[in-house]
>>> print(open('target_1.pdb').read())   # PDB, C-alpha atoms
MODEL        1
ATOM      1  CA  MET A   1       0.000   0.000   0.000  1.00  0.00           C
ATOM      2  CA  LYS A   2       2.813   2.372   0.917  1.00  0.00           C
ATOM      3  CA  HIS A   3       4.727   1.588  -2.268  1.00  0.00           C
ATOM      4  CA  SER A   4       1.737   2.213  -4.537  1.00  0.00           C
ATOM      5  CA  LEU A   5       0.989   5.558  -2.875  1.00  0.00           C
ATOM      6  CA  ARG A   6       4.616   6.582  -3.215  1.00  0.00           C
ATOM      7  CA  ASN A   7       4.644   5.556  -6.878  1.00  0.00           C
ATOM      8  CA  VAL A   8       1.489   7.537  -7.606  1.00  0.00           C
ATOM      9  CA  LEU A   9       2.929  10.655  -5.948  1.00  0.00           C
ATOM     10  CA  LEU A  10       6.245  10.221  -7.770  1.00  0.00           C
ATOM     11  CA  LEU A  11       4.545   9.844 -11.163  1.00  0.00           C
ATOM     12  CA  SER A  12       2.276  12.858 -10.617  1.00  0.00           C
ATOM     13  CA  THR A  13       5.319  14.934  -9.633  1.00  0.00           C
ATOM     14  CA  LEU A  14       7.213  13.840 -12.727  1.00  0.00           C
ATOM     15  CA  PHE A  15       4.288  14.650 -15.024  1.00  0.00           C
ATOM     16  CA  SER A  16       3.799  18.086 -13.494  1.00  0.00           C
ATOM     17  CA  LEU A  17       7.508  18.895 -13.760  1.00  0.00           C
ATOM     18  CA  GLY A  18       7.571  17.650 -17.334  1.00  0.00           C
ATOM     19  CA  ALA A  19       4.586  19.816 -18.250  1.00  0.00           C
ATOM     20  CA  CYS A  20       6.224  22.888 -16.748  1.00  0.00           C
ATOM     21  CA  ALA A  21       9.551  22.254 -18.445  1.00  0.00           C
ATOM     22  CA  SER A  22       8.063  21.878 -21.915  1.00  0.00           C
ATOM     23  CA  SER A  23       5.852  24.965 -21.744  1.00  0.00           C
ATOM     24  CA  GLY A  24       8.624  27.550 -21.182  1.00  0.00           C
ATOM     25  CA  PRO A  25      11.004  28.940 -23.825  1.00  0.00           C
ATOM     26  CA  ALA A  26      14.249  27.097 -24.235  1.00  0.00           C
ATOM     27  CA  ALA A  27      17.248  28.754 -22.617  1.00  0.00           C
ATOM     28  CA  PRO A  28      20.238  29.418 -24.902  1.00  0.00           C
ATOM     29  CA  SER A  29      23.094  27.042 -24.531  1.00  0.00           C
ATOM     30  CA  VAL A  30      26.179  28.554 -22.903  1.00  0.00           C
ATOM     31  CA  SER A  31      28.651  26.219 -24.549  1.00  0.00           C
ATOM     32  CA  SER A  32      27.600  27.001 -28.148  1.00  0.00           C
ATOM     33  CA  ALA A  33      29.059  29.888 -30.119  1.00  0.00           C
ATOM     34  CA  PRO A  34      26.814  32.871 -30.798  1.00  0.00           C
ATOM     35  CA  ASP A  35      24.770  32.670 -34.006  1.00  0.00           C
ATOM     36  CA  THR A  36      25.770  35.543 -36.296  1.00  0.00           C
ATOM     37  CA  THR A  37      23.741  34.325 -39.279  1.00  0.00           C
ATOM     38  CA  ARG A  38      20.417  35.314 -37.771  1.00  0.00           C
ATOM     39  CA  ARG A  39      18.693  38.372 -39.050  1.00  0.00           C
ATOM     40  CA  PRO A  40      17.630  40.960 -36.455  1.00  0.00           C
ATOM     41  CA  THR A  41      13.969  40.664 -35.504  1.00  0.00           C
ATOM     42  CA  SER A  42      11.626  43.316 -36.803  1.00  0.00           C
ATOM     43  CA  SER A  43       9.663  45.623 -34.520  1.00  0.00           C
ATOM     44  CA  ALA A  44       6.428  44.055 -35.759  1.00  0.00           C
ATOM     45  CA  ALA A  45       7.413  40.759 -34.181  1.00  0.00           C
ATOM     46  CA  ALA A  46       7.968  42.484 -30.822  1.00  0.00           C
ATOM     47  CA  ALA A  47       4.569  44.283 -30.961  1.00  0.00           C
ATOM     48  CA  PRO A  48       1.583  42.651 -29.300  1.00  0.00           C
ATOM     49  CA  ALA A  49      -0.624  40.415 -31.386  1.00  0.00           C
ATOM     50  CA  GLU A  50      -3.689  42.640 -30.870  1.00  0.00           C
ATOM     51  CA  ASP A  51      -4.121  46.343 -31.426  1.00  0.00           C
ATOM     52  CA  LEU A  52      -5.787  47.651 -28.249  1.00  0.00           C
ATOM     53  CA  SER A  53      -5.703  51.329 -29.187  1.00  0.00           C
ATOM     54  CA  LYS A  54      -9.331  51.236 -30.321  1.00  0.00           C
ATOM     55  CA  TYR A  55     -10.389  50.474 -26.722  1.00  0.00           C
ATOM     56  CA  ARG A  56      -8.529  53.371 -25.135  1.00  0.00           C
ATOM     57  CA  PRO A  57     -10.702  56.359 -24.194  1.00  0.00           C
ATOM     58  CA  VAL A  58     -10.117  59.634 -25.978  1.00  0.00           C
ATOM     59  CA  PHE A  59     -10.635  62.896 -24.128  1.00  0.00           C
ATOM     60  CA  ALA A  60     -10.971  66.356 -25.560  1.00  0.00           C
ATOM     61  CA  ALA A  61      -8.417  68.935 -24.487  1.00  0.00           C
ATOM     62  CA  PRO A  62      -9.715  71.145 -21.643  1.00  0.00           C
ATOM     63  CA  LYS A  63     -10.913  74.565 -22.614  1.00  0.00           C
ATOM     64  CA  ALA A  64      -8.996  77.540 -21.336  1.00  0.00           C
ATOM     65  CA  PRO A  65     -10.924  79.396 -18.617  1.00  0.00           C
ATOM     66  CA  VAL A  66     -12.464  82.614 -19.770  1.00  0.00           C
ATOM     67  CA  ALA A  67     -11.280  85.543 -17.708  1.00  0.00           C
ATOM     68  CA  ALA A  68     -14.207  87.274 -16.057  1.00  0.00           C
ATOM     69  CA  PRO A  69     -14.324  91.044 -16.194  1.00  0.00           C
ATOM     70  CA  ALA A  70     -12.849  92.633 -13.097  1.00  0.00           C
ATOM     71  CA  VAL A  71     -15.847  93.674 -11.003  1.00  0.00           C
ATOM     72  CA  ALA A  72     -15.375  95.064  -7.552  1.00  0.00           C
ATOM     73  CA  ALA A  73     -17.129  92.671  -5.166  1.00  0.00           C
ATOM     74  CA  ARG A  74     -19.331  94.478  -2.706  1.00  0.00           C
ATOM     75  CA  PRO A  75     -19.971  92.859   0.660  1.00  0.00           C
ATOM     76  CA  VAL A  76     -23.537  91.709   1.065  1.00  0.00           C
ATOM     77  CA  THR A  77     -25.114  92.595   4.373  1.00  0.00           C
ATOM     78  CA  PRO A  78     -27.522  89.957   5.644  1.00  0.00           C
ATOM     79  CA  THR A  79     -31.005  91.061   6.553  1.00  0.00           C
ATOM     80  CA  ASN A  80     -33.553  89.260   8.723  1.00  0.00           C
ATOM     81  CA  GLN A  81     -31.349  86.216   9.226  1.00  0.00           C
ATOM     82  CA  VAL A  82     -32.767  85.510  12.718  1.00  0.00           C
ATOM     83  CA  ASN A  83     -36.462  85.936  13.099  1.00  0.00           C
ATOM     84  CA  ALA A  84     -38.462  86.142  16.323  1.00  0.00           C
ATOM     85  CA  GLN A  85     -39.371  82.459  16.348  1.00  0.00           C
ATOM     86  CA  ILE A  86     -35.712  81.370  16.169  1.00  0.00           C
ATOM     87  CA  GLU A  87     -34.768  83.878  18.870  1.00  0.00           C
ATOM     88  CA  GLN A  88     -37.418  82.398  21.169  1.00  0.00           C
ATOM     89  CA  ARG A  89     -36.134  78.854  20.569  1.00  0.00           C
ATOM     90  CA  LEU A  90     -32.570  79.954  21.311  1.00  0.00           C
ATOM     91  CA  ARG A  91     -33.708  81.543  24.594  1.00  0.00           C
ATOM     92  CA  ASP A  92     -35.598  78.346  25.523  1.00  0.00           C
ATOM     93  CA  GLN A  93     -32.517  76.231  24.822  1.00  0.00           C
ATOM     94  CA  ALA A  94     -30.304  78.548  26.901  1.00  0.00           C
ATOM     95  CA  TYR A  95     -32.767  78.302  29.807  1.00  0.00           C
ATOM     96  CA  THR A  96     -32.812  74.501  29.538  1.00  0.00           C
ATOM     97  CA  ASN A  97     -29.007  74.383  29.491  1.00  0.00           C
ATOM     98  CA  LYS A  98     -28.831  76.485  32.662  1.00  0.00           C
ATOM     99  CA  ASN A  99     -30.970  73.920  34.480  1.00  0.00           C
ATOM    100  CA  VAL A 100     -28.750  70.955  33.610  1.00  0.00           C
ATOM    101  CA  LYS A 101     -27.014  69.903  36.820  1.00  0.00           C
ATOM    102  CA  TYR A 102     -25.284  66.640  35.898  1.00  0.00           C
ATOM    103  CA  ALA A 103     -23.278  65.311  32.980  1.00  0.00           C
ATOM    104  CA  GLN A 104     -21.174  62.287  32.186  1.00  0.00           C
ATOM    105  CA  GLY A 105     -17.557  62.891  33.157  1.00  0.00           C
ATOM    106  CA  PHE A 106     -14.702  61.663  35.341  1.00  0.00           C
ATOM    107  CA  ARG A 107     -13.756  61.566  39.001  1.00  0.00           C
ATOM    108  CA  ILE A 108     -10.529  60.437  40.623  1.00  0.00           C
ATOM    109  CA  LEU A 109     -10.866  57.473  42.946  1.00  0.00           C
ATOM    110  CA  ALA A 110      -8.229  58.413  45.523  1.00  0.00           C
ATOM    111  CA  TYR A 111      -8.844  55.733  48.170  1.00  0.00           C
ATOM    112  CA  VAL A 112     -10.607  52.380  48.471  1.00  0.00           C
ATOM    113  CA  GLY A 113     -10.169  50.470  51.681  1.00  0.00           C
ATOM    114  CA  LEU A 114     -11.344  49.399  55.120  1.00  0.00           C
ATOM    115  CA  GLU A 115      -9.667  52.084  57.256  1.00  0.00           C
ATOM    116  CA  LYS A 116     -11.612  55.276  57.892  1.00  0.00           C
ATOM    117  CA  GLU A 117      -8.603  57.068  59.377  1.00  0.00           C
ATOM    118  CA  GLN A 118      -6.511  56.520  56.276  1.00  0.00           C
ATOM    119  CA  ALA A 119      -9.357  57.740  54.038  1.00  0.00           C
ATOM    120  CA  MET A 120      -9.764  60.864  56.180  1.00  0.00           C
ATOM    121  CA  SER A 121      -5.993  61.471  56.170  1.00  0.00           C
ATOM    122  CA  ILE A 122      -5.818  61.339  52.369  1.00  0.00           C
ATOM    123  CA  ARG A 123      -8.891  63.579  52.176  1.00  0.00           C
ATOM    124  CA  ARG A 124      -7.324  66.190  54.503  1.00  0.00           C
ATOM    125  CA  ASN A 125      -4.064  66.155  52.523  1.00  0.00           C
ATOM    126  CA  ILE A 126      -5.829  66.658  49.194  1.00  0.00           C
ATOM    127  CA  ILE A 127      -8.153  69.405  50.471  1.00  0.00           C
ATOM    128  CA  SER A 128      -5.321  71.277  52.203  1.00  0.00           C
ATOM    129  CA  ARG A 129      -3.171  71.149  49.052  1.00  0.00           C
ATOM    130  CA  TYR A 130      -5.963  71.708  46.493  1.00  0.00           C
ATOM    131  CA  PRO A 131      -8.883  73.545  48.196  1.00  0.00           C
ATOM    132  CA  GLU A 132     -10.740  74.087  44.899  1.00  0.00           C
ATOM    133  CA  GLU A 133     -11.257  70.323  44.468  1.00  0.00           C
ATOM    134  CA  THR A 134     -14.545  68.758  45.540  1.00  0.00           C
ATOM    135  CA  ASP A 135     -14.332  65.518  47.492  1.00  0.00           C
ATOM    136  CA  TYR A 136     -16.888  62.751  47.947  1.00  0.00           C
ATOM    137  CA  LEU A 137     -16.459  60.202  50.754  1.00  0.00           C
ATOM    138  CA  ALA A 138     -18.748  57.178  50.654  1.00  0.00           C
ATOM    139  CA  TYR A 139     -19.065  54.258  53.052  1.00  0.00           C
ATOM    140  CA  LYS A 140     -20.680  51.037  51.955  1.00  0.00           C
ATOM    141  CA  GLN A 141     -20.034  48.488  54.630  1.00  0.00           C
ATOM    142  CA  PRO A 142     -17.156  47.606  55.057  1.00  0.00           C
ATOM    143  CA  ILE A 143     -15.449  49.741  52.362  1.00  0.00           C
ATOM    144  CA  PHE A 144     -14.638  53.462  52.336  1.00  0.00           C
ATOM    145  CA  ARG A 145     -14.292  55.183  48.963  1.00  0.00           C
ATOM    146  CA  LEU A 146     -12.918  58.676  48.390  1.00  0.00           C
ATOM    147  CA  TRP A 147     -13.510  60.411  45.049  1.00  0.00           C
ATOM    148  CA  VAL A 148     -12.032  63.769  44.129  1.00  0.00           C
ATOM    149  CA  GLY A 149     -13.149  66.324  41.532  1.00  0.00           C
ATOM    150  CA  ASP A 150     -15.769  66.789  38.847  1.00  0.00           C
ATOM    151  CA  TYR A 151     -14.144  66.741  35.408  1.00  0.00           C
ATOM    152  CA  THR A 152     -16.100  66.864  32.171  1.00  0.00           C
ATOM    153  CA  THR A 153     -13.160  65.942  29.902  1.00  0.00           C
ATOM    154  CA  ARG A 154     -10.624  63.182  30.232  1.00  0.00           C
ATOM    155  CA  LEU A 155      -7.770  65.612  29.572  1.00  0.00           C
ATOM    156  CA  GLU A 156      -8.430  67.750  32.635  1.00  0.00           C
ATOM    157  CA  ALA A 157      -9.058  64.622  34.710  1.00  0.00           C
ATOM    158  CA  GLU A 158      -5.677  63.162  33.666  1.00  0.00           C
ATOM    159  CA  GLN A 159      -3.917  66.429  34.588  1.00  0.00           C
ATOM    160  CA  ALA A 160      -5.538  66.451  38.037  1.00  0.00           C
ATOM    161  CA  LEU A 161      -4.708  62.754  38.468  1.00  0.00           C
ATOM    162  CA  GLN A 162      -1.011  63.517  37.998  1.00  0.00           C
ATOM    163  CA  ARG A 163      -1.210  66.152  40.766  1.00  0.00           C
ATOM    164  CA  ILE A 164      -3.157  63.927  43.166  1.00  0.00           C
ATOM    165  CA  ARG A 165      -0.970  60.846  42.625  1.00  0.00           C
ATOM    166  CA  LEU A 166       1.700  62.567  44.731  1.00  0.00           C
ATOM    167  CA  LEU A 167      -0.690  62.399  47.703  1.00  0.00           C
ATOM    168  CA  ALA A 168      -2.517  59.168  46.835  1.00  0.00           C
ATOM    169  CA  PRO A 169      -0.227  56.869  44.798  1.00  0.00           C
ATOM    170  CA  LYS A 170      -2.956  54.322  43.995  1.00  0.00           C
ATOM    171  CA  ALA A 171      -5.398  56.912  42.644  1.00  0.00           C
ATOM    172  CA  GLN A 172      -7.139  56.120  39.358  1.00  0.00           C
ATOM    173  CA  LEU A 173      -9.705  57.634  36.995  1.00  0.00           C
ATOM    174  CA  GLU A 174     -13.281  56.493  37.053  1.00  0.00           C
ATOM    175  CA  SER A 175     -16.117  57.402  34.703  1.00  0.00           C
ATOM    176  CA  SER A 176     -18.941  58.957  36.659  1.00  0.00           C
ATOM    177  CA  GLN A 177     -21.832  61.389  36.599  1.00  0.00           C
ATOM    178  CA  VAL A 178     -20.418  64.765  37.650  1.00  0.00           C
ATOM    179  CA  VAL A 179     -21.966  67.959  38.967  1.00  0.00           C
ATOM    180  CA  LEU A 180     -22.094  70.985  36.651  1.00  0.00           C
ATOM    181  CA  ASN A 181     -22.686  74.643  37.505  1.00  0.00           C
ATOM    182  CA  LYS A 182     -21.173  74.416  40.990  1.00  0.00           C
ATOM    183  CA  THR A 183     -21.277  78.200  41.328  1.00  0.00           C
ATOM    184  CA  THR A 184     -25.104  78.371  41.147  1.00  0.00           C
ATOM    185  CA  PHE A 185     -25.715  76.100  44.166  1.00  0.00           C
TER     186      PHE A 185
ENDMDL
END
>>> encode(input="target_1.pdb", output="structure tokens")
Amino acid sequence: MKHSLRNVLLLSTLFSLGACASSGPAAPSVSSAPDTTRRPTSSAAAAPAEDLSKYRPVFAAPKAPVAAPAVAARPVTPTNQVNAQIEQRLRDQAYTNKNVKYAQGFRILAYVGLEKEQAMSIRRNIISRYPEETDYLAYKQPIFRLWVGDYTTRLEAEQALQRIRLLAPKAQLESSQVVLNKTTF
């Protein structure tokens, strides 16, 4: 069984190699002297068998742009671009925006642990160093969590995180709902 399988594979390999060898052009022999009796081949023999020029698209030459007469452009002043109805909608939207108190943002989780004294110590250090920061201390038995700040963008949260890491080395960012318009409360 093994011999017959090997013979079949060997024969198929030989046939495929033989087919490849006979289909390519013959390489010139190195040992023979160059043939000087041959006539040089004409350019027609080197050209492709088909003329494909009839299938190539032909485009007309672009027209030269016509120079427009030099006219002094006068600025156009807009009139009635905002009517009363649009003004009322803009005022309504501004009023709605003033009443928004929360948005999705970031807070810094400065402490997570079981010790209240350590949480309060970190809180005191942060507040004494950065009094403008808002802190949130939460206790859910048996864990204390201390969050710092209300940041609407990740960039400002990352900058504050670098400052607070000096006081709380294990501090990390956390996505959270943050308070907006702190000055109006």
>>> resolve_selection(input="target_1.pdb", expression="the PyMOL selection byres ((chain A and resi 171) around 7)", output="PyMOL selection string")
chain A and resi 108-111+165+168-170+172
>>> resolve_selection(input="target_1.pdb", expression="the PyMOL selection byres ((chain A and resi 139) around 12)", output="list in words")
Tyr111, Val112, Gly113, Leu114, Glu115, Lys116, Ala119, Met120, Tyr136, Leu137, Ala138, Lys140, Gln141, Pro142, Ile143, Phe144, Arg145, Leu146 and Trp147 of chain A
>>> residues_around(input="target_1.pdb", residues="A:Glu156", least_positions_apart="4", cutoff="12 Å", atoms="all atoms listed in the file", output="NGL selection string")
:A and (105-108 or 149-152 or 160-163 or 173)
>>> residues_around(input="target_1.pdb", residues="A:Tyr102", least_positions_apart="3", cutoff="6 Å", atoms="all atoms listed in the file", output="list in words")
Val178, Val179 and Leu180 of chain A
>>> write_last_selection(input="target_1.pdb", atoms="C-alpha atoms", output="short mmCIF file (atom, residue, chain, number, x, y, z; two decimals), in the frame of the given file")
data_model
loop_
_atom_site.label_atom_id
_atom_site.label_comp_id
_atom_site.auth_asym_id
_atom_site.auth_seq_id
_atom_site.Cartn_x
_atom_site.Cartn_y
_atom_site.Cartn_z
CA VAL A 178 -20.42 64.76 37.65
CA VAL A 179 -21.97 67.96 38.97
CA LEU A 180 -22.09 70.98 36.65
#
>>> atom_distance(input="target_1.pdb", atom1="atom CA of A:Arg154", atom2="atom CA of A:Gln104")
10.8 Å
>>> atom_distance(input="target_1.pdb", atom1="atom CA of A:Ile127", atom2="atom CA of A:Ala103")
23.5 Å
>>> atom_distance(input="target_1.pdb", atom1="atom CA of A:Val100", atom2="atom CA of A:Glu87")
20.5 Å
>>> closest_residue(input="target_1.pdb", among="A:Ser121, A:Val148, A:Gln81, A:Leu155", to="A:Thr134", atoms="all atoms listed in the file")
A:Val148
>>> decode(input="target_1.pdb", residues="stretch 62-167 of chain A", atoms="C-alpha atoms", output="mmCIF file, in the first residue's frame")
data_model
loop_
_atom_site.group_PDB
_atom_site.id
_atom_site.type_symbol
_atom_site.label_atom_id
_atom_site.label_comp_id
_atom_site.auth_asym_id
_atom_site.auth_seq_id
_atom_site.Cartn_x
_atom_site.Cartn_y
_atom_site.Cartn_z
ATOM 1 C CA PRO A 62 -9.715 71.145 -21.643
ATOM 2 C CA LYS A 63 -10.913 74.565 -22.614
ATOM 3 C CA ALA A 64 -8.996 77.540 -21.336
ATOM 4 C CA PRO A 65 -10.924 79.396 -18.617
ATOM 5 C CA VAL A 66 -12.464 82.614 -19.770
ATOM 6 C CA ALA A 67 -11.280 85.543 -17.708
ATOM 7 C CA ALA A 68 -14.207 87.274 -16.057
ATOM 8 C CA PRO A 69 -14.324 91.044 -16.194
ATOM 9 C CA ALA A 70 -12.849 92.633 -13.097
ATOM 10 C CA VAL A 71 -15.847 93.674 -11.003
ATOM 11 C CA ALA A 72 -15.375 95.064 -7.552
ATOM 12 C CA ALA A 73 -17.129 92.671 -5.166
ATOM 13 C CA ARG A 74 -19.331 94.478 -2.706
ATOM 14 C CA PRO A 75 -19.971 92.859 0.660
ATOM 15 C CA VAL A 76 -23.537 91.709 1.065
ATOM 16 C CA THR A 77 -25.114 92.595 4.373
ATOM 17 C CA PRO A 78 -27.522 89.957 5.644
ATOM 18 C CA THR A 79 -31.005 91.061 6.553
ATOM 19 C CA ASN A 80 -33.553 89.260 8.723
ATOM 20 C CA GLN A 81 -31.349 86.216 9.226
ATOM 21 C CA VAL A 82 -32.767 85.510 12.718
ATOM 22 C CA ASN A 83 -36.462 85.936 13.099
ATOM 23 C CA ALA A 84 -38.462 86.142 16.323
ATOM 24 C CA GLN A 85 -39.371 82.459 16.348
ATOM 25 C CA ILE A 86 -35.712 81.370 16.169
ATOM 26 C CA GLU A 87 -34.768 83.878 18.870
ATOM 27 C CA GLN A 88 -37.418 82.398 21.169
ATOM 28 C CA ARG A 89 -36.134 78.854 20.569
ATOM 29 C CA LEU A 90 -32.570 79.954 21.311
ATOM 30 C CA ARG A 91 -33.708 81.543 24.594
ATOM 31 C CA ASP A 92 -35.598 78.346 25.523
ATOM 32 C CA GLN A 93 -32.517 76.231 24.822
ATOM 33 C CA ALA A 94 -30.304 78.548 26.901
ATOM 34 C CA TYR A 95 -32.767 78.302 29.807
ATOM 35 C CA THR A 96 -32.812 74.501 29.538
ATOM 36 C CA ASN A 97 -29.007 74.383 29.491
ATOM 37 C CA LYS A 98 -28.831 76.485 32.662
ATOM 38 C CA ASN A 99 -30.970 73.920 34.480
ATOM 39 C CA VAL A 100 -28.750 70.955 33.610
ATOM 40 C CA LYS A 101 -27.014 69.903 36.820
ATOM 41 C CA TYR A 102 -25.284 66.640 35.898
ATOM 42 C CA ALA A 103 -23.278 65.311 32.980
ATOM 43 C CA GLN A 104 -21.174 62.287 32.186
ATOM 44 C CA GLY A 105 -17.557 62.891 33.157
ATOM 45 C CA PHE A 106 -14.702 61.663 35.341
ATOM 46 C CA ARG A 107 -13.756 61.566 39.001
ATOM 47 C CA ILE A 108 -10.529 60.437 40.623
ATOM 48 C CA LEU A 109 -10.866 57.473 42.946
ATOM 49 C CA ALA A 110 -8.229 58.413 45.523
ATOM 50 C CA TYR A 111 -8.844 55.733 48.170
ATOM 51 C CA VAL A 112 -10.607 52.380 48.471
ATOM 52 C CA GLY A 113 -10.169 50.470 51.681
ATOM 53 C CA LEU A 114 -11.344 49.399 55.120
ATOM 54 C CA GLU A 115 -9.667 52.084 57.256
ATOM 55 C CA LYS A 116 -11.612 55.276 57.892
ATOM 56 C CA GLU A 117 -8.603 57.068 59.377
ATOM 57 C CA GLN A 118 -6.511 56.520 56.276
ATOM 58 C CA ALA A 119 -9.357 57.740 54.038
ATOM 59 C CA MET A 120 -9.764 60.864 56.180
ATOM 60 C CA SER A 121 -5.993 61.471 56.170
ATOM 61 C CA ILE A 122 -5.818 61.339 52.369
ATOM 62 C CA ARG A 123 -8.891 63.579 52.176
ATOM 63 C CA ARG A 124 -7.324 66.190 54.503
ATOM 64 C CA ASN A 125 -4.064 66.155 52.523
ATOM 65 C CA ILE A 126 -5.829 66.658 49.194
ATOM 66 C CA ILE A 127 -8.153 69.405 50.471
ATOM 67 C CA SER A 128 -5.321 71.277 52.203
ATOM 68 C CA ARG A 129 -3.171 71.149 49.052
ATOM 69 C CA TYR A 130 -5.963 71.708 46.493
ATOM 70 C CA PRO A 131 -8.883 73.545 48.196
ATOM 71 C CA GLU A 132 -10.740 74.087 44.899
ATOM 72 C CA GLU A 133 -11.257 70.323 44.468
ATOM 73 C CA THR A 134 -14.545 68.758 45.540
ATOM 74 C CA ASP A 135 -14.332 65.518 47.492
ATOM 75 C CA TYR A 136 -16.888 62.751 47.947
ATOM 76 C CA LEU A 137 -16.459 60.202 50.754
ATOM 77 C CA ALA A 138 -18.748 57.178 50.654
ATOM 78 C CA TYR A 139 -19.065 54.258 53.052
ATOM 79 C CA LYS A 140 -20.680 51.037 51.955
ATOM 80 C CA GLN A 141 -20.034 48.488 54.630
ATOM 81 C CA PRO A 142 -17.156 47.606 55.057
ATOM 82 C CA ILE A 143 -15.449 49.741 52.362
ATOM 83 C CA PHE A 144 -14.638 53.462 52.336
ATOM 84 C CA ARG A 145 -14.292 55.183 48.963
ATOM 85 C CA LEU A 146 -12.918 58.676 48.390
ATOM 86 C CA TRP A 147 -13.510 60.411 45.049
ATOM 87 C CA VAL A 148 -12.032 63.769 44.129
ATOM 88 C CA GLY A 149 -13.149 66.324 41.532
ATOM 89 C CA ASP A 150 -15.769 66.789 38.847
ATOM 90 C CA TYR A 151 -14.144 66.741 35.408
ATOM 91 C CA THR A 152 -16.100 66.864 32.171
ATOM 92 C CA THR A 153 -13.160 65.942 29.902
ATOM 93 C CA ARG A 154 -10.624 63.182 30.232
ATOM 94 C CA LEU A 155 -7.770 65.612 29.572
ATOM 95 C CA GLU A 156 -8.430 67.750 32.635
ATOM 96 C CA ALA A 157 -9.058 64.622 34.710
ATOM 97 C CA GLU A 158 -5.677 63.162 33.666
ATOM 98 C CA GLN A 159 -3.917 66.429 34.588
ATOM 99 C CA ALA A 160 -5.538 66.451 38.037
ATOM 100 C CA LEU A 161 -4.708 62.754 38.468
ATOM 101 C CA GLN A 162 -1.011 63.517 37.998
ATOM 102 C CA ARG A 163 -1.210 66.152 40.766
ATOM 103 C CA ILE A 164 -3.157 63.927 43.166
ATOM 104 C CA ARG A 165 -0.970 60.846 42.625
ATOM 105 C CA LEU A 166 1.700 62.567 44.731
ATOM 106 C CA LEU A 167 -0.690 62.399 47.703
#
